[in-house]
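Participant: Coordinates in entry-v4.cif, mmCIF, C-alpha atoms, are listed below.
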```
data_target
#
loop_
_atom_site.group_PDB
_atom_site.id
_atom_site.type_symbol
_atom_site.label_atom_id
_atom_site.label_comp_id
_atom_site.auth_asym_id
_atom_site.auth_seq_id
_atom_site.Cartn_x
_atom_site.Cartn_y
_atom_site.Cartn_z
ATOM 1 C CA MET X 1 -19.186 -27.144 -8.661
ATOM 2 C CA THR X 2 -20.639 -24.178 -10.445
ATOM 3 C CA LYS X 3 -18.889 -20.863 -10.759
ATOM 4 C CA LEU X 4 -21.380 -19.309 -8.346
ATOM 5 C CA ALA X 5 -20.652 -21.940 -5.691
ATOM 6 C CA GLN X 6 -16.928 -21.346 -6.145
ATOM 7 C CA TRP X 7 -17.298 -17.631 -5.620
ATOM 8 C CA LEU X 8 -19.590 -18.116 -2.628
ATOM 9 C CA TRP X 9 -17.092 -20.518 -1.054
ATOM 10 C CA GLY X 10 -14.248 -18.072 -1.620
ATOM 11 C CA LEU X 11 -16.252 -15.226 -0.135
ATOM 12 C CA ALA X 12 -17.285 -17.330 2.861
ATOM 13 C CA LEU X 13 -13.663 -18.304 3.449
ATOM 14 C CA LEU X 14 -12.461 -14.710 3.289
ATOM 15 C CA GLY X 15 -15.369 -13.535 5.430
ATOM 16 C CA SER X 16 -14.788 -16.097 8.146
ATOM 17 C CA THR X 17 -11.063 -15.343 8.208
ATOM 18 C CA TRP X 18 -11.845 -11.669 8.526
ATOM 19 C CA ALA X 19 -14.435 -12.266 11.245
ATOM 20 C CA ALA X 20 -12.051 -14.492 13.186
ATOM 21 C CA LEU X 21 -9.273 -11.916 13.037
ATOM 22 C CA THR X 22 -11.622 -9.051 13.922
ATOM 23 C CA MET X 23 -13.132 -10.949 16.833
ATOM 24 C CA GLY X 24 -9.612 -12.051 17.781
ATOM 25 C CA PRO X 25 -9.124 -9.792 20.833
ATOM 26 C CA THR X 26 -12.176 -11.273 22.555
ATOM 27 C CA LEU X 27 -10.781 -14.783 22.017
ATOM 28 C CA GLY X 28 -7.379 -13.948 23.400
ATOM 29 C CA LEU X 29 -5.604 -13.145 20.124
ATOM 30 C CA GLU X 30 -3.357 -10.106 20.451
ATOM 31 C CA LEU X 31 -2.850 -7.926 17.383
ATOM 32 C CA PRO X 32 -1.127 -4.561 17.240
ATOM 33 C CA LEU X 33 -3.492 -1.585 17.113
ATOM 34 C CA THR X 34 -2.355 -0.607 13.594
ATOM 35 C CA CYS X 35 -3.154 -4.061 12.259
ATOM 36 C CA ARG X 36 -6.613 -3.961 13.768
ATOM 37 C CA GLU X 37 -7.201 -0.508 12.295
ATOM 38 C CA VAL X 38 -6.310 -1.835 8.845
ATOM 39 C CA LEU X 39 -8.361 -4.960 9.401
ATOM 40 C CA TRP X 40 -11.835 -3.752 10.219
ATOM 41 C CA PRO X 41 -12.663 -1.797 7.011
ATOM 42 C CA LEU X 42 -11.369 -4.604 4.768
ATOM 43 C CA PRO X 43 -14.837 -5.757 3.564
ATOM 44 C CA ALA X 44 -15.591 -2.209 2.461
ATOM 45 C CA TYR X 45 -12.172 -2.148 0.817
ATOM 46 C CA LEU X 46 -12.969 -5.343 -1.085
ATOM 47 C CA LEU X 47 -16.277 -3.843 -2.210
ATOM 48 C CA VAL X 48 -14.628 -0.628 -3.427
ATOM 49 C CA THR X 49 -11.894 -2.591 -5.210
ATOM 50 C CA VAL X 50 -14.406 -4.760 -7.061
ATOM 51 C CA GLY X 51 -16.423 -1.646 -7.954
ATOM 52 C CA CYS X 52 -13.326 0.098 -9.299
ATOM 53 C CA PHE X 53 -12.403 -2.990 -11.329
ATOM 54 C CA ALA X 54 -15.919 -3.145 -12.803
ATOM 55 C CA LEU X 55 -15.866 0.554 -13.678
ATOM 56 C CA GLY X 56 -12.401 0.256 -15.194
ATOM 57 C CA THR X 57 -13.393 -2.767 -17.278
ATOM 58 C CA VAL X 58 -16.461 -0.976 -18.632
ATOM 59 C CA GLY X 59 -14.344 2.078 -19.436
ATOM 60 C CA TYR X 60 -11.652 0.028 -21.153
ATOM 61 C CA ARG X 61 -14.191 -1.843 -23.281
ATOM 62 C CA VAL X 62 -15.921 1.402 -24.221
ATOM 63 C CA ALA X 63 -12.590 2.893 -25.282
ATOM 64 C CA THR X 64 -11.551 -0.127 -27.355
ATOM 65 C CA PHE X 65 -14.965 -1.018 -28.766
ATOM 66 C CA HIS X 66 -14.706 -2.345 -32.315
ATOM 67 C CA ASP X 67 -16.741 -3.951 -35.085
ATOM 68 C CA CYS X 68 -16.437 -7.720 -35.486
ATOM 69 C CA GLU X 69 -16.183 -7.769 -39.281
ATOM 70 C CA ASP X 70 -15.125 -11.409 -39.569
ATOM 71 C CA ALA X 71 -17.992 -12.534 -37.354
ATOM 72 C CA ALA X 72 -20.451 -10.412 -39.343
ATOM 73 C CA LEU X 73 -19.211 -11.960 -42.612
ATOM 74 C CA GLU X 74 -19.507 -15.471 -41.158
ATOM 75 C CA LEU X 75 -23.050 -14.770 -39.969
ATOM 76 C CA GLN X 76 -24.050 -13.387 -43.364
ATOM 77 C CA THR X 77 -22.754 -16.476 -45.190
ATOM 78 C CA GLN X 78 -24.542 -18.720 -42.694
ATOM 79 C CA ILE X 79 -27.787 -16.812 -43.315
ATOM 80 C CA GLN X 80 -27.326 -17.289 -47.064
ATOM 81 C CA GLU X 81 -26.715 -21.018 -46.603
ATOM 82 C CA ALA X 82 -29.785 -21.383 -44.430
ATOM 83 C CA ARG X 83 -31.906 -19.496 -46.948
ATOM 84 C CA ALA X 84 -30.690 -21.721 -49.800
ATOM 85 C CA ASP X 85 -31.313 -24.834 -47.742
ATOM 86 C CA LEU X 86 -34.832 -23.765 -46.762
ATOM 87 C CA ALA X 87 -35.643 -22.738 -50.334
ATOM 88 C CA ARG X 88 -34.579 -26.191 -51.540
ATOM 89 C CA LYS X 89 -36.996 -27.701 -49.038
ATOM 90 C CA GLY X 90 -39.835 -25.663 -50.469
ATOM 91 C CA LEU X 91 -40.077 -22.737 -48.100
ATOM 92 C CA ARG X 92 -40.936 -19.494 -49.846
ATOM 93 C CA PHE X 93 -39.822 -16.194 -48.330
ATOM 94 C CA GLN Q 94 -15.905 1.181 -34.129
ATOM 95 C CA ALA Q 95 -15.071 3.332 -31.105
ATOM 96 C CA THR Q 96 -15.321 7.003 -32.034
ATOM 97 C CA GLY Q 97 -13.245 9.760 -30.469
ATOM 98 C CA THR Q 98 -15.947 10.475 -27.886
ATOM 99 C CA ASP Q 99 -16.150 6.798 -26.945
ATOM 100 C CA GLN Q 100 -12.410 6.681 -26.394
ATOM 101 C CA VAL Q 101 -12.430 9.836 -24.274
ATOM 102 C CA VAL Q 102 -15.360 8.617 -22.169
ATOM 103 C CA GLY Q 103 -13.808 5.166 -21.732
ATOM 104 C CA LEU Q 104 -10.419 6.542 -20.738
ATOM 105 C CA VAL Q 105 -12.085 8.959 -18.307
ATOM 106 C CA LEU Q 106 -13.894 6.004 -16.711
ATOM 107 C CA VAL Q 107 -10.639 4.063 -16.408
ATOM 108 C CA ALA Q 108 -8.866 7.106 -14.954
ATOM 109 C CA VAL Q 109 -11.658 7.748 -12.428
ATOM 110 C CA SER Q 110 -11.620 4.140 -11.261
ATOM 111 C CA LEU Q 111 -7.824 4.178 -10.904
ATOM 112 C CA ILE Q 112 -7.906 7.459 -8.958
ATOM 113 C CA ILE Q 113 -10.613 6.183 -6.595
ATOM 114 C CA PHE Q 114 -8.726 2.913 -6.088
ATOM 115 C CA THR Q 115 -5.427 4.654 -5.327
ATOM 116 C CA TYR Q 116 -6.957 7.192 -2.966
ATOM 117 C CA TYR Q 117 -8.974 4.555 -1.124
ATOM 118 C CA THR Q 118 -5.980 2.216 -0.809
ATOM 119 C CA VAL Q 119 -3.867 5.002 0.671
ATOM 120 C CA TRP Q 120 -6.729 5.951 2.980
ATOM 121 C CA VAL Q 121 -7.527 2.476 4.279
ATOM 122 C CA ILE Q 122 -4.322 0.456 4.004
ATOM 123 C CA ILE Q 123 -1.412 2.875 4.235
ATOM 124 C CA LEU Q 124 -2.662 5.649 6.519
ATOM 125 C CA PRO Q 125 -2.675 3.640 9.790
ATOM 126 C CA PHE Q 126 1.054 3.052 9.376
ATOM 127 C CA ILE Q 127 1.813 6.768 9.128
ATOM 128 C CA ASP Q 128 2.391 8.841 12.228
ATOM 129 C CA SER Q 129 -0.863 10.504 13.311
ATOM 130 C CA GLN Q 130 0.842 13.931 13.458
ATOM 131 C CA HIS Q 131 1.862 13.770 9.799
ATOM 132 C CA VAL Q 132 0.547 16.452 7.410
ATOM 133 C CA ILE Q 133 -0.959 13.788 5.111
ATOM 134 C CA HIS Q 134 -3.775 13.192 7.597
ATOM 135 C CA LYS Q 135 -5.221 16.598 6.694
ATOM 136 C CA TYR Q 136 -6.184 15.300 3.235
ATOM 137 C CA PHE Q 137 -8.317 12.402 4.500
ATOM 138 C CA LEU Q 138 -11.600 12.307 6.371
ATOM 139 C CA PRO Q 139 -11.852 10.435 9.686
ATOM 140 C CA ARG Q 140 -11.590 6.680 9.354
ATOM 141 C CA ALA Q 141 -15.252 5.932 10.051
ATOM 142 C CA TYR Q 142 -16.146 7.598 6.740
ATOM 143 C CA ALA Q 143 -13.976 5.051 4.874
ATOM 144 C CA VAL Q 144 -16.768 2.552 5.506
ATOM 145 C CA ALA Q 145 -19.750 4.887 5.769
ATOM 146 C CA ILE Q 146 -19.307 6.524 2.357
ATOM 147 C CA PRO Q 147 -19.068 3.276 0.297
ATOM 148 C CA LEU Q 148 -22.052 1.866 2.194
ATOM 149 C CA ALA Q 149 -24.113 4.993 1.563
ATOM 150 C CA VAL Q 150 -23.128 5.061 -2.115
ATOM 151 C CA GLY Q 151 -23.949 1.372 -2.482
ATOM 152 C CA LEU Q 152 -27.354 1.775 -0.870
ATOM 153 C CA LEU Q 153 -28.110 4.800 -3.065
ATOM 154 C CA LEU Q 154 -27.104 2.797 -6.137
ATOM 155 C CA LEU Q 155 -29.359 -0.114 -5.141
ATOM 156 C CA LEU Q 156 -32.208 2.319 -4.498
ATOM 157 C CA PHE Q 157 -31.656 3.914 -7.895
ATOM 158 C CA VAL Q 158 -31.647 0.530 -9.659
ATOM 159 C CA GLY Q 159 -34.850 -0.468 -7.841
ATOM 160 C CA VAL Q 160 -36.629 2.764 -8.697
ATOM 161 C CA PHE Q 161 -35.494 2.480 -12.306
ATOM 162 C CA ILE Q 162 -36.742 -1.109 -12.672
ATOM 163 C CA THR Q 163 -40.084 -0.223 -11.052
ATOM 164 C CA PHE Q 164 -40.440 2.774 -13.333
ATOM 165 C CA VAL Q 165 -39.736 0.726 -16.466
ATOM 166 C CA MET Q 166 -42.116 -2.070 -15.438
ATOM 167 C CA VAL Q 167 -44.960 0.337 -14.644
ATOM 168 C CA LYS Q 168 -44.424 2.059 -17.966
ATOM 169 C CA ASN Q 169 -44.466 -1.252 -19.851
ATOM 170 C CA LYS Q 170 -47.713 -2.260 -18.173
ATOM 171 C CA LYS Q 171 -49.346 0.973 -19.336
ATOM 172 C CA VAL Q 172 -48.186 0.414 -22.905
ATOM 173 C CA ALA Q 173 -49.482 -3.176 -22.843
ATOM 174 C CA LYS Q 174 -52.871 -1.998 -21.592
ATOM 175 C CA LYS Q 175 -53.116 0.597 -24.342
ATOM 176 C CA ALA Q 176 -52.301 -2.038 -26.928
ATOM 177 C CA GLN Q 177 -55.122 -4.278 -25.794
#
```
Have the structure of the file written as C-alpha coordinates, please.

Facilitator:
Amino acid sequence: MTKLAQWLWGLALLGSTWAALTMGPTLGLELPLTCREVLWPLPAYLLVTVGCFALGTVGYRVATFHDCEDAALELQTQIQEARADLARKGLRF
Amino acid sequence: QATGTDQVVGLVLVAVSLIIFTYYTVWVIILPFIDSQHVIHKYFLPRAYAVAIPLAVGLLLLLFVGVFITFVMVKNKKVAKKAQ
(Lines of atoms letter the chains of each structure in order from A and count residues from 1; the text may use other names and numbers.)
(Lines give C-alpha, C1' and ligand atoms only; values in the text may rest on other atoms or scores of the structure.)
Protein backbone atom coordinates (compact mmCIF):
# COMPACT_ATOMS: atom_id res chain seq x y z
CA MET A 1 0.00 0.00 0.00
CA THR A 2 1.37 3.37 -0.94
CA LYS A 3 1.60 6.27 1.45
CA LEU A 4 -1.18 8.04 -0.44
CA ALA A 5 -3.52 5.06 -0.07
CA GLN A 6 -2.73 4.93 3.65
CA TRP A 7 -3.59 8.57 4.12
CA LEU A 8 -6.76 8.26 2.04
CA TRP A 9 -7.86 5.25 4.10
CA GLY A 10 -7.20 7.11 7.34
CA LEU A 11 -9.12 10.14 6.12
CA ALA A 12 -12.02 8.00 4.92
CA LEU A 13 -12.15 6.25 8.29
CA LEU A 14 -12.15 9.52 10.21
CA GLY A 15 -14.68 11.04 7.81
CA SER A 16 -17.10 8.15 8.06
CA THR A 17 -16.83 8.12 11.86
CA TRP A 18 -17.53 11.83 11.90
CA ALA A 19 -20.45 11.49 9.49
CA ALA A 20 -21.94 8.64 11.50
CA LEU A 21 -21.71 10.60 14.74
CA THR A 22 -23.07 13.78 13.14
CA MET A 23 -25.96 11.94 11.51
CA GLY A 24 -26.44 10.06 14.78
CA PRO A 25 -29.60 11.85 16.00
CA THR A 26 -31.50 10.85 12.86
CA LEU A 27 -30.54 7.20 13.43
CA GLY A 28 -31.62 7.18 17.03
CA LEU A 29 -28.25 7.94 18.65
CA GLU A 30 -28.59 10.41 21.51
CA LEU A 31 -25.67 12.74 22.21
CA PRO A 32 -25.62 15.68 24.59
CA LEU A 33 -25.99 19.07 22.91
CA THR A 34 -22.46 20.15 23.92
CA CYS A 35 -20.94 17.08 22.30
CA ARG A 36 -22.81 17.73 19.08
CA GLU A 37 -21.69 21.36 19.12
CA VAL A 38 -18.07 20.24 19.41
CA LEU A 39 -18.58 17.56 16.79
CA TRP A 40 -19.85 19.36 13.74
CA PRO A 41 -16.92 21.76 13.08
CA LEU A 42 -14.33 18.99 13.55
CA PRO A 43 -13.41 18.70 9.82
CA ALA A 44 -12.68 22.42 9.75
CA TYR A 45 -10.70 21.95 12.95
CA LEU A 46 -8.64 19.19 11.33
CA LEU A 47 -7.99 21.44 8.34
CA VAL A 48 -6.87 24.36 10.52
CA THR A 49 -4.66 22.07 12.61
CA VAL A 50 -2.91 20.66 9.55
CA GLY A 51 -2.49 24.19 8.17
CA CYS A 52 -0.98 25.40 11.44
CA PHE A 53 1.38 22.41 11.51
CA ALA A 54 2.49 23.12 7.93
CA LEU A 55 3.06 26.80 8.69
CA GLY A 56 4.95 25.96 11.87
CA THR A 57 7.16 23.43 10.09
CA VAL A 58 8.03 25.94 7.37
CA GLY A 59 8.80 28.56 10.01
CA TYR A 60 10.95 26.19 12.05
CA ARG A 61 12.95 25.10 8.99
CA VAL A 62 13.43 28.71 7.92
CA ALA A 63 14.71 29.59 11.39
CA THR A 64 17.12 26.65 11.58
CA PHE A 65 18.24 26.62 7.95
CA HIS A 66 21.89 25.64 7.62
CA ASP A 67 24.55 24.77 5.06
CA CYS A 68 25.29 21.08 4.52
CA GLU A 69 29.08 21.37 4.43
CA ASP A 70 29.78 17.64 4.66
CA ALA A 71 27.37 16.90 1.82
CA ALA A 72 28.91 19.67 -0.29
CA LEU A 73 32.41 18.24 0.31
CA GLU A 74 31.22 14.74 -0.60
CA LEU A 75 29.62 16.02 -3.80
CA GLN A 76 32.76 17.92 -4.77
CA THR A 77 34.96 14.83 -4.32
CA GLN A 78 32.48 12.76 -6.32
CA ILE A 79 32.60 15.34 -9.13
CA GLN A 80 36.41 15.16 -9.10
CA GLU A 81 36.32 11.36 -9.26
CA ALA A 82 33.87 11.41 -12.14
CA ARG A 83 35.99 13.93 -14.02
CA ALA A 84 39.13 11.81 -13.55
CA ASP A 85 37.28 8.70 -14.65
CA LEU A 86 35.85 10.35 -17.76
CA ALA A 87 39.22 11.88 -18.64
CA ARG A 88 40.81 8.43 -18.44
CA LYS A 89 38.20 7.19 -20.90
CA GLY A 90 39.16 9.90 -23.35
CA LEU A 91 36.54 12.56 -22.76
CA ARG A 92 37.92 16.07 -23.06
CA PHE A 93 36.27 18.90 -21.14
CA GLN B 1 23.27 29.50 7.05
CA ALA B 2 20.19 31.12 8.57
CA THR B 3 20.78 34.84 9.03
CA GLY B 4 19.23 36.94 11.77
CA THR B 5 16.32 37.93 9.51
CA ASP B 6 15.67 34.29 8.61
CA GLN B 7 15.52 33.36 12.28
CA VAL B 8 13.16 36.22 13.11
CA VAL B 9 10.87 35.42 10.18
CA GLY B 10 10.88 31.69 10.99
CA LEU B 11 10.14 32.24 14.67
CA VAL B 12 7.36 34.69 13.77
CA LEU B 13 5.83 32.02 11.51
CA VAL B 14 6.03 29.43 14.29
CA ALA B 15 4.52 31.89 16.79
CA VAL B 16 1.67 32.82 14.43
CA SER B 17 0.82 29.19 13.80
CA LEU B 18 0.86 28.41 17.53
CA ILE B 19 -1.35 31.43 18.31
CA ILE B 20 -3.87 30.49 15.61
CA PHE B 21 -3.91 26.87 16.79
CA THR B 22 -4.46 27.82 20.44
CA TYR B 23 -7.17 30.36 19.69
CA TYR B 24 -8.99 28.02 17.32
CA THR B 25 -8.80 25.10 19.77
CA VAL B 26 -10.27 27.23 22.54
CA TRP B 27 -12.93 28.50 20.16
CA VAL B 28 -14.02 25.15 18.75
CA ILE B 29 -13.25 22.56 21.42
CA ILE B 30 -13.37 24.30 24.78
CA LEU B 31 -15.99 27.02 24.35
CA PRO B 32 -19.07 24.73 24.19
CA PHE B 33 -18.22 23.44 27.66
CA ILE B 34 -18.20 26.93 29.17
CA ASP B 35 -21.38 28.52 30.44
CA SER B 36 -22.93 30.69 27.71
CA GLN B 37 -23.18 33.67 30.12
CA HIS B 38 -19.43 33.67 30.76
CA VAL B 39 -17.42 36.79 29.85
CA ILE B 40 -15.08 34.74 27.62
CA HIS B 41 -17.79 34.48 24.96
CA LYS B 42 -17.33 38.19 24.20
CA TYR B 43 -13.89 37.47 22.70
CA PHE B 44 -15.13 34.95 20.11
CA LEU B 45 -17.32 35.34 17.05
CA PRO B 46 -20.48 33.23 16.69
CA ARG B 47 -19.82 29.56 16.12
CA ALA B 48 -20.83 29.50 12.46
CA TYR B 49 -17.78 31.64 11.66
CA ALA B 50 -15.50 28.91 13.07
CA VAL B 51 -16.21 26.98 9.88
CA ALA B 52 -16.98 29.84 7.49
CA ILE B 53 -13.68 31.69 7.98
CA PRO B 54 -11.35 28.69 7.35
CA LEU B 55 -13.43 27.73 4.30
CA ALA B 56 -13.27 31.26 2.91
CA VAL B 57 -9.53 31.50 3.57
CA GLY B 58 -8.95 28.11 1.95
CA LEU B 59 -10.94 29.03 -1.14
CA LEU B 60 -9.09 32.35 -1.42
CA LEU B 61 -5.77 30.51 -1.13
CA LEU B 62 -6.76 28.04 -3.85
CA LEU B 63 -7.89 30.92 -6.06
CA PHE B 64 -4.60 32.71 -5.47
CA VAL B 65 -2.57 29.59 -6.33
CA GLY B 66 -4.63 29.08 -9.50
CA VAL B 67 -4.23 32.68 -10.62
CA PHE B 68 -0.51 32.54 -9.89
CA ILE B 69 0.01 29.34 -11.90
CA THR B 70 -2.01 30.72 -14.82
CA PHE B 71 -0.04 33.94 -14.73
CA VAL B 72 3.31 32.12 -14.74
CA MET B 73 2.27 29.78 -17.57
CA VAL B 74 0.99 32.62 -19.76
CA LYS B 75 4.20 34.53 -19.15
CA ASN B 76 6.33 31.50 -20.06
CA LYS B 77 4.41 31.01 -23.29
CA LYS B 78 5.13 34.61 -24.29
CA VAL B 79 8.83 34.19 -23.58
CA ALA B 80 8.93 30.95 -25.60
CA LYS B 81 7.24 32.66 -28.54
CA LYS B 82 9.73 35.52 -28.47
CA ALA B 83 12.59 33.05 -28.45
CA GLN B 84 11.35 31.33 -31.58

Participant: Within 12 Å of chain X, which residues of chain Q show up when using only C-alpha atoms, listed as a short mmCIF file (atom, residue, chain, number, x, y, z; two decimals) with C-alpha atoms, keeping the file's coordinate frame?

Facilitator:
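Written out: result_14.cif:
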```cif
data_model
loop_
_atom_site.label_atom_id
_atom_site.label_comp_id
_atom_site.auth_asym_id
_atom_site.auth_seq_id
_atom_site.Cartn_x
_atom_site.Cartn_y
_atom_site.Cartn_z
CA GLN Q 94 -15.90 1.18 -34.13
CA ALA Q 95 -15.07 3.33 -31.10
CA THR Q 96 -15.32 7.00 -32.03
CA GLY Q 97 -13.24 9.76 -30.47
CA THR Q 98 -15.95 10.48 -27.89
CA ASP Q 99 -16.15 6.80 -26.94
CA GLN Q 100 -12.41 6.68 -26.39
CA VAL Q 101 -12.43 9.84 -24.27
CA VAL Q 102 -15.36 8.62 -22.17
CA GLY Q 103 -13.81 5.17 -21.73
CA LEU Q 104 -10.42 6.54 -20.74
CA VAL Q 105 -12.08 8.96 -18.31
CA LEU Q 106 -13.89 6.00 -16.71
CA VAL Q 107 -10.64 4.06 -16.41
CA ALA Q 108 -8.87 7.11 -14.95
CA VAL Q 109 -11.66 7.75 -12.43
CA SER Q 110 -11.62 4.14 -11.26
CA LEU Q 111 -7.82 4.18 -10.90
CA ILE Q 112 -7.91 7.46 -8.96
CA ILE Q 113 -10.61 6.18 -6.60
CA PHE Q 114 -8.73 2.91 -6.09
CA THR Q 115 -5.43 4.65 -5.33
CA TYR Q 116 -6.96 7.19 -2.97
CA TYR Q 117 -8.97 4.56 -1.12
CA THR Q 118 -5.98 2.22 -0.81
CA VAL Q 119 -3.87 5.00 0.67
CA TRP Q 120 -6.73 5.95 2.98
CA VAL Q 121 -7.53 2.48 4.28
CA ILE Q 122 -4.32 0.46 4.00
CA ILE Q 123 -1.41 2.88 4.24
CA LEU Q 124 -2.66 5.65 6.52
CA PRO Q 125 -2.68 3.64 9.79
CA PHE Q 126 1.05 3.05 9.38
CA ILE Q 127 1.81 6.77 9.13
CA ASP Q 128 2.39 8.84 12.23
CA SER Q 129 -0.86 10.50 13.31
CA ARG Q 140 -11.59 6.68 9.35
CA ALA Q 141 -15.25 5.93 10.05
CA TYR Q 142 -16.15 7.60 6.74
CA ALA Q 143 -13.98 5.05 4.87
CA VAL Q 144 -16.77 2.55 5.51
CA ALA Q 145 -19.75 4.89 5.77
CA ILE Q 146 -19.31 6.52 2.36
CA PRO Q 147 -19.07 3.28 0.30
CA LEU Q 148 -22.05 1.87 2.19
CA ALA Q 149 -24.11 4.99 1.56
CA VAL Q 150 -23.13 5.06 -2.12
CA GLY Q 151 -23.95 1.37 -2.48
CA LEU Q 154 -27.10 2.80 -6.14
#
```

Participant: CA of Pro32 (chain X) and CA of Leu13 (chain X), how far apart in Å?

Facilitator: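 CA of Pro32 (chain X) lies 23.2 Å from CA of Leu13 (chain X).
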
Participant: For a quick check of understanding, using only C-alpha atoms, which of X:Ile79, X:Met1, X:Leu46, X:Leu31 has the smallest distance to Gly15 (chain X)?

Facilitator: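 So, comparing all the options, the nearest one is X:Leu46.
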
Participant: Work out how far CA of Thr2 (chain X) is from CA of Ala20 (chain X), in Å to one decimal.

Facilitator: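 Spanning CA of Ala20 (chain X) to CA of Thr2 (chain X) is a straight-line distance of 26.9 Å.
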
Participant: Missing atoms in region 56-68 of chain X should be modelled up to N, CA, C and O atoms and reported as a PDB file, in the frame of the given file.

Facilitator:
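Once everything was written out, this is part_22.pdb:
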```pdb
ATOM      1  N   GLY X  56     -13.534   0.210 -14.291  1.00  0.00           N
ATOM      2  CA  GLY X  56     -12.401   0.256 -15.194  1.00  0.00           C
ATOM      3  C   GLY X  56     -12.594  -0.650 -16.401  1.00  0.00           C
ATOM      4  O   GLY X  56     -12.265  -0.279 -17.528  1.00  0.00           O
ATOM      5  N   THR X  57     -13.155  -1.842 -16.163  1.00  0.00           N
ATOM      6  CA  THR X  57     -13.393  -2.767 -17.278  1.00  0.00           C
ATOM      7  C   THR X  57     -14.372  -2.164 -18.277  1.00  0.00           C
ATOM      8  O   THR X  57     -14.143  -2.209 -19.489  1.00  0.00           O
ATOM      9  N   VAL X  58     -15.470  -1.602 -17.745  1.00  0.00           N
ATOM     10  CA  VAL X  58     -16.461  -0.976 -18.632  1.00  0.00           C
ATOM     11  C   VAL X  58     -15.799   0.142 -19.434  1.00  0.00           C
ATOM     12  O   VAL X  58     -15.969   0.238 -20.658  1.00  0.00           O
ATOM     13  N   GLY X  59     -15.010   0.970 -18.753  1.00  0.00           N
ATOM     14  CA  GLY X  59     -14.344   2.078 -19.436  1.00  0.00           C
ATOM     15  C   GLY X  59     -13.413   1.593 -20.523  1.00  0.00           C
ATOM     16  O   GLY X  59     -13.417   2.104 -21.648  1.00  0.00           O
ATOM     17  N   TYR X  60     -12.614   0.556 -20.185  1.00  0.00           N
ATOM     18  CA  TYR X  60     -11.652   0.028 -21.153  1.00  0.00           C
ATOM     19  C   TYR X  60     -12.370  -0.525 -22.375  1.00  0.00           C
ATOM     20  O   TYR X  60     -11.981  -0.280 -23.520  1.00  0.00           O
ATOM     21  N   ARG X  61     -13.467  -1.260 -22.152  1.00  0.00           N
ATOM     22  CA  ARG X  61     -14.191  -1.843 -23.281  1.00  0.00           C
ATOM     23  C   ARG X  61     -14.876  -0.772 -24.119  1.00  0.00           C
ATOM     24  O   ARG X  61     -15.004  -0.928 -25.346  1.00  0.00           O
ATOM     25  N   VAL X  62     -15.335   0.298 -23.456  1.00  0.00           N
ATOM     26  CA  VAL X  62     -15.921   1.402 -24.221  1.00  0.00           C
ATOM     27  C   VAL X  62     -14.852   2.041 -25.104  1.00  0.00           C
ATOM     28  O   VAL X  62     -15.079   2.332 -26.279  1.00  0.00           O
ATOM     29  N   ALA X  63     -13.653   2.218 -24.539  1.00  0.00           N
ATOM     30  CA  ALA X  63     -12.590   2.893 -25.282  1.00  0.00           C
ATOM     31  C   ALA X  63     -12.114   2.054 -26.462  1.00  0.00           C
ATOM     32  O   ALA X  63     -11.718   2.597 -27.491  1.00  0.00           O
ATOM     33  N   THR X  64     -12.105   0.730 -26.297  1.00  0.00           N
ATOM     34  CA  THR X  64     -11.551  -0.127 -27.355  1.00  0.00           C
ATOM     35  C   THR X  64     -12.638  -0.902 -28.087  1.00  0.00           C
ATOM     36  O   THR X  64     -12.374  -1.961 -28.636  1.00  0.00           O
ATOM     37  N   PHE X  65     -13.858  -0.351 -28.085  1.00  0.00           N
ATOM     38  CA  PHE X  65     -14.965  -1.018 -28.766  1.00  0.00           C
ATOM     39  C   PHE X  65     -14.684  -1.099 -30.266  1.00  0.00           C
ATOM     40  O   PHE X  65     -14.203  -0.133 -30.853  1.00  0.00           O
ATOM     41  N   HIS X  66     -14.971  -2.239 -30.881  1.00  0.00           N
ATOM     42  CA  HIS X  66     -14.706  -2.345 -32.315  1.00  0.00           C
ATOM     43  C   HIS X  66     -15.727  -3.256 -32.987  1.00  0.00           C
ATOM     44  O   HIS X  66     -16.360  -4.084 -32.341  1.00  0.00           O
ATOM     45  N   ASP X  67     -15.849  -3.096 -34.306  1.00  0.00           N
ATOM     46  CA  ASP X  67     -16.741  -3.951 -35.085  1.00  0.00           C
ATOM     47  C   ASP X  67     -16.106  -5.324 -35.263  1.00  0.00           C
ATOM     48  O   ASP X  67     -14.893  -5.436 -35.436  1.00  0.00           O
ATOM     49  N   CYS X  68     -16.943  -6.371 -35.241  1.00  0.00           N
ATOM     50  CA  CYS X  68     -16.437  -7.720 -35.486  1.00  0.00           C
ATOM     51  C   CYS X  68     -16.758  -8.063 -36.933  1.00  0.00           C
ATOM     52  O   CYS X  68     -17.776  -8.699 -37.212  1.00  0.00           O
TER      53      CYS X  68
END
```
